[in-house]
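For reference, entry.cif is printed below; it contains mmCIF, C-alpha atoms.
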```cif
data_run
#
loop_
_atom_site.label_atom_id
_atom_site.label_comp_id
_atom_site.auth_asym_id
_atom_site.auth_seq_id
_atom_site.Cartn_x
_atom_site.Cartn_y
_atom_site.Cartn_z
CA MET A 1 -204.90 86.52 45.81
CA GLN A 2 -201.33 85.23 46.05
CA VAL A 3 -199.05 85.27 43.01
CA PRO A 4 -198.73 81.74 41.54
CA GLY A 5 -195.29 80.32 42.18
CA ALA A 6 -194.60 82.68 45.09
CA ASP A 7 -191.44 81.61 46.89
CA VAL A 8 -190.25 84.66 48.80
CA VAL A 9 -191.53 87.48 51.00
CA ILE A 10 -190.30 91.02 50.48
CA VAL A 11 -190.05 92.78 53.85
CA ARG A 12 -189.89 96.58 53.96
CA HIS A 13 -188.93 98.81 56.85
CA GLY A 14 -189.36 102.55 57.34
CA ASP A 15 -187.63 104.59 60.03
CA ILE A 16 -184.55 102.38 59.90
CA GLY A 17 -183.72 103.83 56.49
CA VAL A 18 -183.13 107.37 57.83
CA LYS A 19 -180.37 106.22 60.19
CA SER A 20 -176.63 106.34 59.52
CA SER A 21 -175.15 103.40 57.61
CA ARG A 22 -173.72 101.84 60.76
CA VAL A 23 -176.95 102.18 62.76
CA GLN A 24 -179.07 101.02 59.82
CA SER A 25 -177.00 97.86 59.45
CA TRP A 26 -177.31 97.08 63.16
CA MET A 27 -181.04 97.74 63.19
CA GLU A 28 -181.57 95.54 60.13
CA GLU A 29 -179.69 92.74 61.87
CA THR A 30 -181.91 93.17 64.93
CA LEU A 31 -185.02 93.23 62.73
CA ALA A 32 -183.89 90.04 60.98
CA ALA A 33 -183.43 88.28 64.34
CA ASN A 34 -186.87 89.43 65.52
CA LEU A 35 -188.43 88.24 62.28
CA GLU A 36 -186.79 84.83 62.63
CA ALA A 37 -188.14 84.55 66.19
CA THR A 38 -191.63 85.39 64.96
CA LEU A 39 -191.49 82.84 62.15
CA ASP A 40 -190.41 80.23 64.70
CA ALA A 41 -193.26 81.17 67.02
CA TRP A 42 -195.73 80.88 64.14
CA ASP A 43 -194.15 77.55 63.10
CA VAL A 44 -193.60 78.91 59.59
CA PRO A 45 -190.51 77.56 57.79
CA GLY A 46 -188.32 80.20 56.21
CA ARG A 47 -184.83 81.62 55.84
CA VAL A 48 -184.38 85.35 56.45
CA GLU A 49 -181.90 87.11 54.19
CA GLN A 50 -180.64 90.60 54.92
CA HIS A 51 -180.04 92.93 51.98
CA TRP A 52 -179.41 96.64 52.20
CA GLY A 53 -182.77 98.34 52.65
CA ARG A 54 -184.76 95.09 52.52
CA LEU A 55 -185.21 91.75 54.18
CA PHE A 56 -186.30 88.67 52.24
CA VAL A 57 -187.83 85.46 53.56
CA ARG A 58 -187.29 82.37 51.40
CA THR A 59 -190.15 80.06 52.30
CA ARG A 60 -192.58 77.40 51.15
CA GLU A 61 -195.41 79.29 52.88
CA PRO A 62 -195.08 82.86 51.61
CA GLU A 63 -198.54 84.11 52.55
CA MET A 64 -198.33 82.92 56.14
CA ALA A 65 -194.76 84.21 56.39
CA ALA A 66 -195.92 87.61 55.14
CA ARG A 67 -198.72 87.68 57.71
CA ALA A 68 -196.22 86.82 60.45
CA ALA A 69 -193.81 89.50 59.25
CA ALA A 70 -196.62 92.07 59.34
CA THR A 71 -196.78 91.71 63.16
CA VAL A 72 -193.11 92.56 63.72
CA PHE A 73 -192.18 96.02 64.99
CA GLY A 74 -190.04 97.89 62.48
CA ILE A 75 -191.72 96.31 59.45
CA VAL A 76 -193.85 98.62 57.30
CA SER A 77 -195.19 95.98 54.91
CA ALA A 78 -194.58 92.48 53.59
CA SER A 79 -195.44 90.96 50.21
CA PRO A 80 -195.54 87.34 49.07
CA ALA A 81 -193.70 87.40 45.75
CA ARG A 82 -192.43 85.25 42.91
CA THR A 83 -188.72 85.32 42.12
CA VAL A 84 -187.76 85.55 38.43
CA GLU A 85 -184.74 86.48 36.35
CA PRO A 86 -184.25 90.26 36.09
CA THR A 87 -185.14 90.38 32.39
CA LEU A 88 -188.12 91.88 30.62
CA ASP A 89 -189.08 88.51 29.15
CA ALA A 90 -189.07 86.70 32.50
CA ILE A 91 -190.92 89.51 34.25
CA SER A 92 -193.56 89.75 31.51
CA GLU A 93 -194.14 86.00 31.55
CA ALA A 94 -194.62 86.03 35.35
CA LEU A 95 -197.00 88.99 35.09
CA ALA A 96 -199.05 87.20 32.45
CA GLU A 97 -199.31 84.05 34.61
CA THR A 98 -200.26 86.16 37.61
CA ALA A 99 -202.94 87.98 35.60
CA ARG A 100 -204.49 84.71 34.39
CA ALA A 101 -204.64 83.48 38.01
CA THR A 102 -205.74 86.63 39.83
CA TYR A 103 -207.20 89.22 37.43
CA ASP A 104 -210.89 88.79 36.68
CA GLY A 105 -212.04 92.20 35.53
CA GLY A 106 -211.83 95.88 36.36
CA SER A 107 -208.93 98.23 35.85
CA PHE A 108 -205.26 97.44 36.42
CA ALA A 109 -201.85 99.06 36.62
CA VAL A 110 -198.23 97.91 36.78
CA ASP A 111 -196.00 99.62 39.35
CA ALA A 112 -192.32 98.91 38.90
CA SER A 113 -189.18 99.93 40.77
CA ARG A 114 -185.61 99.13 39.81
CA ALA A 115 -182.24 99.24 41.52
CA GLY A 116 -178.97 98.24 39.86
CA ASP A 117 -177.63 98.09 36.32
CA HIS A 118 -180.09 96.86 33.66
CA ASP A 119 -180.66 97.53 29.98
CA PHE A 120 -184.24 98.65 30.63
CA THR A 121 -186.01 101.20 32.81
CA SER A 122 -188.87 100.99 35.30
CA GLN A 123 -191.07 102.57 32.63
CA ASP A 124 -190.13 99.76 30.25
CA VAL A 125 -191.23 97.20 32.85
CA GLY A 126 -194.57 98.95 33.23
CA ARG A 127 -195.15 99.22 29.49
CA VAL A 128 -194.03 95.73 28.46
CA GLY A 129 -195.51 94.10 31.55
CA GLY A 130 -198.81 95.90 31.01
CA ASP A 131 -198.97 94.62 27.42
CA ALA A 132 -198.34 91.07 28.68
CA ILE A 133 -201.19 91.33 31.21
CA TRP A 134 -203.56 92.73 28.58
CA THR A 135 -202.78 89.93 26.14
CA ALA A 136 -203.12 87.27 28.85
CA VAL A 137 -206.72 88.20 29.74
CA ALA A 138 -208.07 89.84 26.58
CA ASP A 139 -209.88 86.67 25.49
CA GLU A 140 -211.77 86.53 28.81
CA PHE A 141 -212.82 90.16 29.22
CA GLU A 142 -211.98 93.69 28.15
CA PRO A 143 -209.18 94.92 30.46
CA GLU A 144 -208.84 98.57 31.42
CA VAL A 145 -205.72 100.50 32.41
CA ASP A 146 -205.95 103.00 35.29
CA LEU A 147 -202.59 104.21 36.55
CA ASP A 148 -204.07 106.38 39.30
CA ASP A 149 -206.62 104.22 41.12
CA PRO A 150 -206.71 100.71 39.64
CA ASP A 151 -208.85 97.85 40.90
CA HIS A 152 -205.87 95.51 40.53
CA ARG A 153 -202.26 96.53 41.06
CA PHE A 154 -199.41 94.38 39.78
CA GLU A 155 -196.03 95.26 41.28
CA VAL A 156 -192.50 94.48 40.21
CA GLU A 157 -189.27 95.11 42.09
CA VAL A 158 -186.09 94.62 40.09
CA ARG A 159 -182.66 94.18 41.66
CA ASP A 160 -179.27 93.20 40.27
CA GLY A 161 -179.64 89.45 40.56
CA GLU A 162 -183.39 88.91 40.78
CA ALA A 163 -186.76 90.44 40.09
CA TYR A 164 -189.91 89.99 42.15
CA VAL A 165 -193.54 90.00 41.04
CA PHE A 166 -196.30 90.50 43.61
CA THR A 167 -199.84 91.82 44.07
CA GLU A 168 -200.31 92.11 47.85
CA ARG A 169 -198.95 94.18 50.70
CA PHE A 170 -199.65 93.21 54.30
CA ASP A 171 -199.29 96.33 56.42
CA GLY A 172 -196.99 96.08 59.43
CA PRO A 173 -196.84 98.22 62.58
CA GLY A 174 -193.79 100.23 61.49
CA GLY A 175 -191.64 101.80 64.17
CA LEU A 176 -188.26 100.39 65.20
CA PRO A 177 -187.17 96.81 65.93
CA VAL A 178 -187.65 95.78 69.55
CA GLY A 179 -184.22 95.72 71.18
CA THR A 180 -182.84 98.82 69.50
CA GLN A 181 -183.72 100.91 72.57
CA GLU A 182 -183.13 100.23 76.26
CA PRO A 183 -185.81 98.30 78.21
CA LEU A 184 -188.63 99.94 80.14
CA VAL A 185 -190.72 98.65 83.03
CA ALA A 186 -194.36 98.59 81.89
CA LEU A 187 -197.11 98.67 84.51
CA VAL A 188 -199.72 96.36 82.99
CA SER A 189 -203.05 96.01 84.75
CA GLY A 190 -204.84 94.09 82.03
CA GLY A 191 -207.21 97.00 81.51
CA ILE A 192 -207.68 98.86 78.25
CA ASP A 193 -204.99 101.52 78.55
CA SER A 194 -201.79 100.01 79.93
CA PRO A 195 -201.35 97.27 77.28
CA VAL A 196 -201.69 99.87 74.51
CA ALA A 197 -199.05 102.02 76.20
CA ALA A 198 -196.70 99.03 76.44
CA TRP A 199 -197.34 98.18 72.77
CA LEU A 200 -196.49 101.72 71.71
CA ALA A 201 -193.26 101.63 73.70
CA MET A 202 -192.31 98.41 71.94
CA LYS A 203 -193.16 100.01 68.62
CA ARG A 204 -190.37 102.50 69.24
CA GLY A 205 -187.89 99.69 69.87
CA ALA A 206 -187.97 99.40 73.67
CA PRO A 207 -188.37 95.92 75.17
CA VAL A 208 -190.81 96.02 78.07
CA ILE A 209 -190.50 94.33 81.42
CA PRO A 210 -194.16 93.73 82.35
CA VAL A 211 -195.12 94.32 85.95
CA TYR A 212 -198.52 93.51 87.40
CA LEU A 213 -199.36 95.01 90.77
CA ASP A 214 -201.53 92.51 92.64
CA LEU A 215 -204.16 94.64 94.38
CA GLY A 216 -205.12 91.91 96.83
CA PRO A 217 -208.74 92.32 97.99
CA TYR A 218 -209.17 95.32 95.67
CA GLY A 219 -208.35 93.39 92.52
CA GLY A 220 -211.24 90.99 92.10
CA ALA A 221 -211.11 87.26 91.43
CA ASP A 222 -210.28 87.51 87.73
CA HIS A 223 -207.96 90.51 87.89
CA ARG A 224 -204.69 88.56 87.98
CA ALA A 225 -205.79 86.10 85.29
CA ARG A 226 -206.76 88.99 83.05
CA ALA A 227 -203.32 90.59 83.43
CA ILE A 228 -201.58 87.31 82.58
CA GLU A 229 -203.70 86.90 79.45
CA THR A 230 -203.03 90.50 78.45
CA VAL A 231 -199.27 90.04 78.70
CA SER A 232 -199.55 86.84 76.69
CA ARG A 233 -201.29 88.81 73.95
CA LEU A 234 -198.65 91.53 74.08
CA ALA A 235 -195.94 88.89 73.85
CA ALA A 236 -197.38 87.75 70.52
CA HIS A 237 -196.10 91.01 69.02
CA ALA A 238 -192.48 90.28 70.06
CA PRO A 239 -192.13 86.54 70.76
CA GLY A 240 -188.33 86.66 70.75
CA GLN A 241 -188.21 88.76 73.93
CA ASP A 242 -188.12 87.67 77.57
CA TRP A 243 -191.74 87.84 78.68
CA SER A 244 -191.33 87.05 82.38
CA LEU A 245 -194.19 88.77 84.19
CA ARG A 246 -193.29 90.23 87.57
CA ILE A 247 -196.21 90.15 90.01
CA ALA A 248 -195.76 92.45 92.99
CA PRO A 249 -198.21 92.24 95.94
CA ILE A 250 -199.53 95.61 97.16
CA GLY A 251 -202.82 94.54 98.74
CA GLU A 252 -201.77 95.26 102.35
CA PRO A 253 -200.40 98.75 101.58
CA LEU A 254 -203.64 99.54 99.75
CA GLU A 255 -205.66 98.55 102.80
CA ALA A 256 -203.52 100.86 104.92
CA LEU A 257 -203.96 103.73 102.48
CA ASP A 258 -207.70 103.09 102.40
CA ASP A 259 -207.83 103.38 106.18
CA ARG A 260 -205.48 106.32 106.68
CA VAL A 261 -205.64 108.67 103.67
CA GLY A 262 -208.59 110.81 102.54
CA ASP A 263 -209.22 112.64 99.29
CA THR A 264 -205.59 112.38 98.10
CA ARG A 265 -205.65 108.60 98.46
CA MET A 266 -205.49 107.76 94.74
CA LEU A 267 -202.42 109.95 94.30
CA SER A 268 -200.66 108.01 97.05
CA VAL A 269 -201.75 104.77 95.38
CA ARG A 270 -200.22 105.95 92.09
CA ARG A 271 -197.08 107.07 93.90
CA LEU A 272 -196.77 103.65 95.54
CA MET A 273 -197.09 101.99 92.14
CA LEU A 274 -194.36 104.19 90.66
CA MET A 275 -192.12 103.45 93.64
CA VAL A 276 -192.52 99.70 93.10
CA ALA A 277 -191.86 100.10 89.38
CA GLY A 278 -188.73 102.11 90.15
CA GLU A 279 -187.42 99.40 92.45
CA ILE A 280 -187.96 96.79 89.74
CA ALA A 281 -186.37 99.07 87.11
CA ALA A 282 -183.25 99.37 89.25
CA GLU A 283 -183.09 95.61 89.71
CA THR A 284 -183.62 94.73 86.04
CA GLY A 285 -181.54 97.43 84.34
CA ALA A 286 -184.52 99.21 82.81
CA ARG A 287 -184.25 102.88 81.93
CA GLY A 288 -187.73 104.13 82.75
CA ILE A 289 -191.36 103.35 83.45
CA VAL A 290 -194.33 103.11 81.05
CA THR A 291 -197.89 103.76 82.20
CA GLY A 292 -201.24 103.96 80.42
CA GLU A 293 -202.19 107.38 81.76
CA SER A 294 -203.58 110.17 79.59
CA ILE A 295 -204.30 113.77 80.50
CA GLY A 296 -207.59 114.24 82.29
CA GLN A 297 -208.89 110.70 81.93
CA LYS A 298 -209.15 110.22 85.72
CA SER A 299 -208.85 112.44 88.75
CA SER A 300 -205.28 111.24 89.30
CA GLN A 301 -204.40 112.14 85.72
CA THR A 302 -204.93 115.88 85.67
CA VAL A 303 -201.81 117.79 84.69
CA THR A 304 -201.31 118.90 88.29
CA ASN A 305 -201.76 115.43 89.73
CA LEU A 306 -199.44 113.81 87.19
CA GLN A 307 -196.76 116.23 88.30
CA VAL A 308 -197.43 115.28 91.92
CA THR A 309 -197.19 111.56 91.27
CA ASP A 310 -193.99 111.94 89.24
CA ARG A 311 -192.30 113.71 92.15
CA VAL A 312 -192.07 110.41 94.00
CA THR A 313 -189.53 108.86 91.60
CA ASP A 314 -186.30 109.77 89.85
CA TRP A 315 -187.15 107.43 86.99
CA PRO A 316 -188.58 108.96 83.79
CA VAL A 317 -192.25 108.07 83.44
CA HIS A 318 -193.25 107.56 79.79
CA ARG A 319 -196.91 108.02 78.91
CA PRO A 320 -197.45 107.10 75.23
CA LEU A 321 -201.21 107.71 75.57
CA LEU A 322 -200.82 111.19 77.04
CA ALA A 323 -202.85 113.06 74.39
CA LEU A 324 -205.14 110.29 73.12
CA ASP A 325 -208.91 110.20 73.60
CA LYS A 326 -210.44 107.11 75.17
CA GLN A 327 -212.04 106.04 71.90
CA GLU A 328 -208.67 106.21 70.17
CA ILE A 329 -207.17 104.01 72.86
CA ILE A 330 -210.04 101.52 72.59
CA ALA A 331 -209.61 101.35 68.81
CA LYS A 332 -205.92 100.59 69.20
CA ALA A 333 -206.63 97.97 71.88
CA ARG A 334 -209.04 96.23 69.52
CA LYS A 335 -206.46 96.31 66.73
CA ILE A 336 -203.63 94.82 68.77
CA GLY A 337 -205.85 92.15 70.35
CA THR A 338 -205.89 93.23 74.01
CA TYR A 339 -209.39 94.72 74.24
CA GLU A 340 -211.31 91.48 74.80
CA THR A 341 -209.47 90.76 78.04
CA ALA A 342 -210.04 94.26 79.40
CA THR A 343 -213.66 93.90 80.51
CA VAL A 344 -213.12 92.79 84.12
CA ASP A 345 -213.42 95.50 86.77
CA ALA A 346 -209.90 96.77 87.51
CA GLY A 347 -210.63 97.16 91.20
CA CYS A 348 -208.99 100.55 91.75
CA ASN A 349 -212.37 102.26 91.81
CA ARG A 350 -213.12 100.41 95.07
CA ILE A 351 -210.32 102.27 96.81
CA ALA A 352 -211.06 105.68 95.31
CA PRO A 353 -212.58 108.29 97.66
CA ASP A 354 -216.03 109.67 96.92
CA GLN A 355 -214.59 113.07 96.03
CA PRO A 356 -210.97 112.60 94.94
CA GLU A 357 -208.64 115.59 94.81
CA THR A 358 -207.95 116.83 91.27
CA GLN A 359 -205.53 119.68 92.01
CA ALA A 360 -203.57 118.43 94.99
CA PRO A 361 -200.57 120.43 96.26
CA ILE A 362 -197.56 118.19 96.71
CA GLU A 363 -197.22 119.27 100.35
CA ARG A 364 -200.73 118.04 101.20
CA VAL A 365 -200.21 114.71 99.42
CA GLU A 366 -196.91 114.05 101.17
CA GLY A 367 -198.33 115.17 104.50
CA ALA A 368 -201.30 112.81 104.26
CA GLU A 369 -199.54 109.64 103.14
CA PRO A 370 -197.88 107.26 105.61
CA ASP A 371 -194.13 107.49 106.19
CA GLU A 372 -193.94 103.76 105.49
CA LEU A 373 -194.79 104.19 101.79
CA PRO A 374 -191.19 103.75 100.50
CA ALA A 375 -190.70 100.71 102.74
CA TRP A 376 -193.93 99.18 101.45
CA ALA A 377 -192.70 99.68 97.87
CA ARG A 378 -189.37 97.98 98.62
CA GLN A 379 -191.14 95.07 100.30
CA ALA A 380 -193.49 94.61 97.35
CA ALA A 381 -190.60 94.64 94.88
CA ALA A 382 -188.66 92.16 97.01
CA ALA A 383 -191.68 89.83 97.11
CA VAL A 384 -192.13 89.73 93.35
CA ASP A 385 -193.35 86.46 91.88
CA ILE A 386 -191.92 85.89 88.39
CA GLN A 387 -194.14 83.99 85.98
CA ALA A 388 -193.10 82.84 82.49
CA ILE A 389 -195.54 83.87 79.77
CA GLU A 390 -196.13 82.11 76.45
CA PRO A 391 -196.98 84.39 73.49
CA SER A 392 -200.53 84.00 72.15
CA VAL A 393 -199.38 83.92 68.53
CA ASP A 394 -202.62 82.26 67.40
CA LEU A 395 -204.22 85.63 68.06
CA HIS A 396 -202.83 86.92 64.76
CA LYS A 397 -203.29 83.89 62.55
CA PRO A 398 -206.10 83.92 59.99
#
```

Please lay out the structure from this file as structure tokens.
Amino acid sequence: MQVPGADVVIVRHGDIGVKSSRVQSWMEETLAANLEATLDAWDVPGRVEQHWGRLFVRTREPEMAARAAATVFGIVSASPARTVEPTLDAISEALAETARATYDGGSFAVDASRAGDHDFTSQDVGRVGGDAIWTAVADEFEPEVDLDDPDHRFEVEVRDGEAYVFTERFDGPGGLPVGTQEPLVALVSGGIDSPVAAWLAMKRGAPVIPVYLDLGPYGGADHRARAIETVSRLAAHAPGQDWSLRIAPIGEPLEALDDRVGDTRMLSVRRLMLMVAGEIAAETGARGIVTGESIGQKSSQTVTNLQVTDRVTDWPVHRPLLALDKQEIIAKARKIGTYETATVDAGCNRIAPDQPETQAPIERVEGAEPDELPAWARQAAAAVDIQAIEPSVDLHKP
């Protein structure tokens, strides 16, 4: 339950704090801008303030602002809090009011942290604040103190000019703010794996340029719509970014590969996809390619075959899911909100040979695939249709 009188959100970050002072300051500025964009997308009023090691959101809607902040990459947690004077009396009074509004039995503890120059310690805050909570509820029930594993935790953060009282922490994704790394082209099919891979790349600060490869007759009627919805859901995690979806047609090349290539066909399909992604990376200034592949999940994803497919491009191919099991990927897809759209048949199985090669020598793959493959990739990249995507921010709202 929210602290009565809450007027601010305390926003905490993690990995940013281990950077040099110059890099930390820049990353905090980027995080603040991303947080402002998210608040705007959620239509939550608030002013973001940047302090060393913390961001604060001054707002009339602290709980909703905290929930919005908890979707932003780089943020570890966010707490709706009440601002009070940094004195023991003011803190104790706020803790007593909070206890009367939110504490209805069970054990409790007061966790306090302090930074700056004060005439009291964090231990003093815990002791005096705990006494205030006890007195506030003693007429209603018999309170119990448990400093190790309490049922109710009251927290206080004291700084030079203000103190903050809060009881909740909304967990964020952590990582780094989007925009603190160079962009990557993300191949997004709308299936289970590729959106999770793109999300993980964003978590490490890299904006993604989503690319959907239109499979033509191999894609199915709902395939394109599913990809668009998936990107919209991904965009909800970073609404301040450019979410133009690039749709590249590869249906005709797939038909040619289906007709002319045998058991190494799926490797040539993957190589075509990487070629197209490389062309788009060169055009957009990206620094690599993200795919949803993991070792051994499909015949084209054995260690040998991944090496074969990578040989077709000079661009680094990032595979965030490389060592994850399918159930781990599904769990992450459910958590980030992309799983529901991933139930339509992806279509690639209709082009797969009955007995696909799992340990293909590069010479045999290159010898079997048409010489026109690079030209087909350039043509597909040149024919890209760019579609603006609106973030599905309602996905995250309670």

Can you find the residues with an atom no farther than 10 Å from (-193.7, 77.2, 54.0), counting all atoms listed in the file, and report them as a PDB file with C-alpha atoms, in the coordinates of the input?
```pdb
ATOM      1  CA  ASP A   7    -191.440  81.610  46.890  1.00  0.00           C
ATOM      2  CA  VAL A   8    -190.250  84.660  48.800  1.00  0.00           C
ATOM      3  CA  ASP A  43    -194.150  77.550  63.100  1.00  0.00           C
ATOM      4  CA  VAL A  44    -193.600  78.910  59.590  1.00  0.00           C
ATOM      5  CA  PRO A  45    -190.510  77.560  57.790  1.00  0.00           C
ATOM      6  CA  GLY A  46    -188.320  80.200  56.210  1.00  0.00           C
ATOM      7  CA  ARG A  58    -187.290  82.370  51.400  1.00  0.00           C
ATOM      8  CA  THR A  59    -190.150  80.060  52.300  1.00  0.00           C
ATOM      9  CA  ARG A  60    -192.580  77.400  51.150  1.00  0.00           C
ATOM     10  CA  GLU A  61    -195.410  79.290  52.880  1.00  0.00           C
ATOM     11  CA  PRO A  62    -195.080  82.860  51.610  1.00  0.00           C
ATOM     12  CA  GLU A  63    -198.540  84.110  52.550  1.00  0.00           C
ATOM     13  CA  MET A  64    -198.330  82.920  56.140  1.00  0.00           C
ATOM     14  CA  ALA A  65    -194.760  84.210  56.390  1.00  0.00           C
TER      15      ALA A  65
END
```

Check your understanding: Taking into account all atoms listed in the file, which residue in the set A:Asp310, A:Glu28, A:Glu363, A:Asp160 is nearest to Thr180 (chain A)?
Key -> A:Glu28

Here's the selection I'm unsure about, the PyMOL selection byres ((chain A and resi 392) around 7); applied to the file above, which residues does it give, as a PDB file with C-alpha atoms, in the coordinates of the input?
```pdb
ATOM      1  CA  SER A 232    -199.550  86.840  76.690  1.00  0.00           C
ATOM      2  CA  ARG A 233    -201.290  88.810  73.950  1.00  0.00           C
ATOM      3  CA  ALA A 235    -195.940  88.890  73.850  1.00  0.00           C
ATOM      4  CA  ALA A 236    -197.380  87.750  70.520  1.00  0.00           C
ATOM      5  CA  GLU A 390    -196.130  82.110  76.450  1.00  0.00           C
ATOM      6  CA  PRO A 391    -196.980  84.390  73.490  1.00  0.00           C
ATOM      7  CA  VAL A 393    -199.380  83.920  68.530  1.00  0.00           C
ATOM      8  CA  ASP A 394    -202.620  82.260  67.400  1.00  0.00           C
ATOM      9  CA  LEU A 395    -204.220  85.630  68.060  1.00  0.00           C
TER      10      LEU A 395
END
```

**Study point:** Between CA of Asp15 (chain A) and CA of Leu39 (chain A) - distance in Å to one decimal
**Key:** 22.2 Å

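The spacing separating CA of Ala32 (chain A) from CA of Arg204 (chain A) amounts to 16.3 Å.
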
Point to revise | CA of Arg127 (chain A) to CA of Glu144 (chain A), straight-line distance in Å | key: 13.8 Å

**Study point:** Residues within 9 Å of Gly105 (chain A), all atoms listed in the file, excluding chain neighbours under 6 positions, as JSON, numbers by chain
**Key:** {"A": [137, 140, 141, 142, 143, 144, 151, 152]}

**Study point:** Explicit residue set for the PyMOL selection byres ((chain A and resi 269) around 10), as JSON, numbers by chain
**Key:** {"A": [250, 253, 254, 257, 258, 261, 264, 265, 266, 267, 268, 270, 271, 272, 273, 274, 275, 300, 309, 348, 351, 352, 369, 373]}

Review point. In file coordinates, which residues lie within 12 Å of (-180.0, 98.4, 61.9) using all atoms listed in the file, given as an MDAnalysis selection string?
Key: chainID A and resid 13:34 50:55 74 176:181 205

Emit the selected residues as a PDB file, in the coordinates of the input, including C-alpha atoms.
```
ATOM      1  CA  HIS A  13    -188.930  98.810  56.850  1.00  0.00           C
ATOM      2  CA  GLY A  14    -189.360 102.550  57.340  1.00  0.00           C
ATOM      3  CA  ASP A  15    -187.630 104.590  60.030  1.00  0.00           C
ATOM      4  CA  ILE A  16    -184.550 102.380  59.900  1.00  0.00           C
ATOM      5  CA  GLY A  17    -183.720 103.830  56.490  1.00  0.00           C
ATOM      6  CA  VAL A  18    -183.130 107.370  57.830  1.00  0.00           C
ATOM      7  CA  LYS A  19    -180.370 106.220  60.190  1.00  0.00           C
ATOM      8  CA  SER A  20    -176.630 106.340  59.520  1.00  0.00           C
ATOM      9  CA  SER A  21    -175.150 103.400  57.610  1.00  0.00           C
ATOM     10  CA  ARG A  22    -173.720 101.840  60.760  1.00  0.00           C
ATOM     11  CA  VAL A  23    -176.950 102.180  62.760  1.00  0.00           C
ATOM     12  CA  GLN A  24    -179.070 101.020  59.820  1.00  0.00           C
ATOM     13  CA  SER A  25    -177.000  97.860  59.450  1.00  0.00           C
ATOM     14  CA  TRP A  26    -177.310  97.080  63.160  1.00  0.00           C
ATOM     15  CA  MET A  27    -181.040  97.740  63.190  1.00  0.00           C
ATOM     16  CA  GLU A  28    -181.570  95.540  60.130  1.00  0.00           C
ATOM     17  CA  GLU A  29    -179.690  92.740  61.870  1.00  0.00           C
ATOM     18  CA  THR A  30    -181.910  93.170  64.930  1.00  0.00           C
ATOM     19  CA  LEU A  31    -185.020  93.230  62.730  1.00  0.00           C
ATOM     20  CA  ALA A  32    -183.890  90.040  60.980  1.00  0.00           C
ATOM     21  CA  ALA A  33    -183.430  88.280  64.340  1.00  0.00           C
ATOM     22  CA  ASN A  34    -186.870  89.430  65.520  1.00  0.00           C
ATOM     23  CA  GLN A  50    -180.640  90.600  54.920  1.00  0.00           C
ATOM     24  CA  HIS A  51    -180.040  92.930  51.980  1.00  0.00           C
ATOM     25  CA  TRP A  52    -179.410  96.640  52.200  1.00  0.00           C
ATOM     26  CA  GLY A  53    -182.770  98.340  52.650  1.00  0.00           C
ATOM     27  CA  ARG A  54    -184.760  95.090  52.520  1.00  0.00           C
ATOM     28  CA  LEU A  55    -185.210  91.750  54.180  1.00  0.00           C
ATOM     29  CA  GLY A  74    -190.040  97.890  62.480  1.00  0.00           C
ATOM     30  CA  LEU A 176    -188.260 100.390  65.200  1.00  0.00           C
ATOM     31  CA  PRO A 177    -187.170  96.810  65.930  1.00  0.00           C
ATOM     32  CA  VAL A 178    -187.650  95.780  69.550  1.00  0.00           C
ATOM     33  CA  GLY A 179    -184.220  95.720  71.180  1.00  0.00           C
ATOM     34  CA  THR A 180    -182.840  98.820  69.500  1.00  0.00           C
ATOM     35  CA  GLN A 181    -183.720 100.910  72.570  1.00  0.00           C
ATOM     36  CA  GLY A 205    -187.890  99.690  69.870  1.00  0.00           C
TER      37      GLY A 205
END
```

Review point. Any idea what's packed within 9 Å of region 75-87 of chain A, counting all atoms listed in the file, ignoring anything in its chain fewer than 3 positions away? Could you give it as number ranges by chain?
Key: A: 2-14, 31, 61-67, 69-72, 90-92, 94, 118-120, 158-177

Practice item. List, as a list of chain:residue names, every residue that the PyMOL selection byres ((chain A and resi 314) around 10) selects in the file provided. Key: A:Leu274, A:Met275, A:Gly278, A:Gly288, A:Asp310, A:Arg311, A:Val312, A:Thr313, A:Trp315, A:Pro316, A:Val317
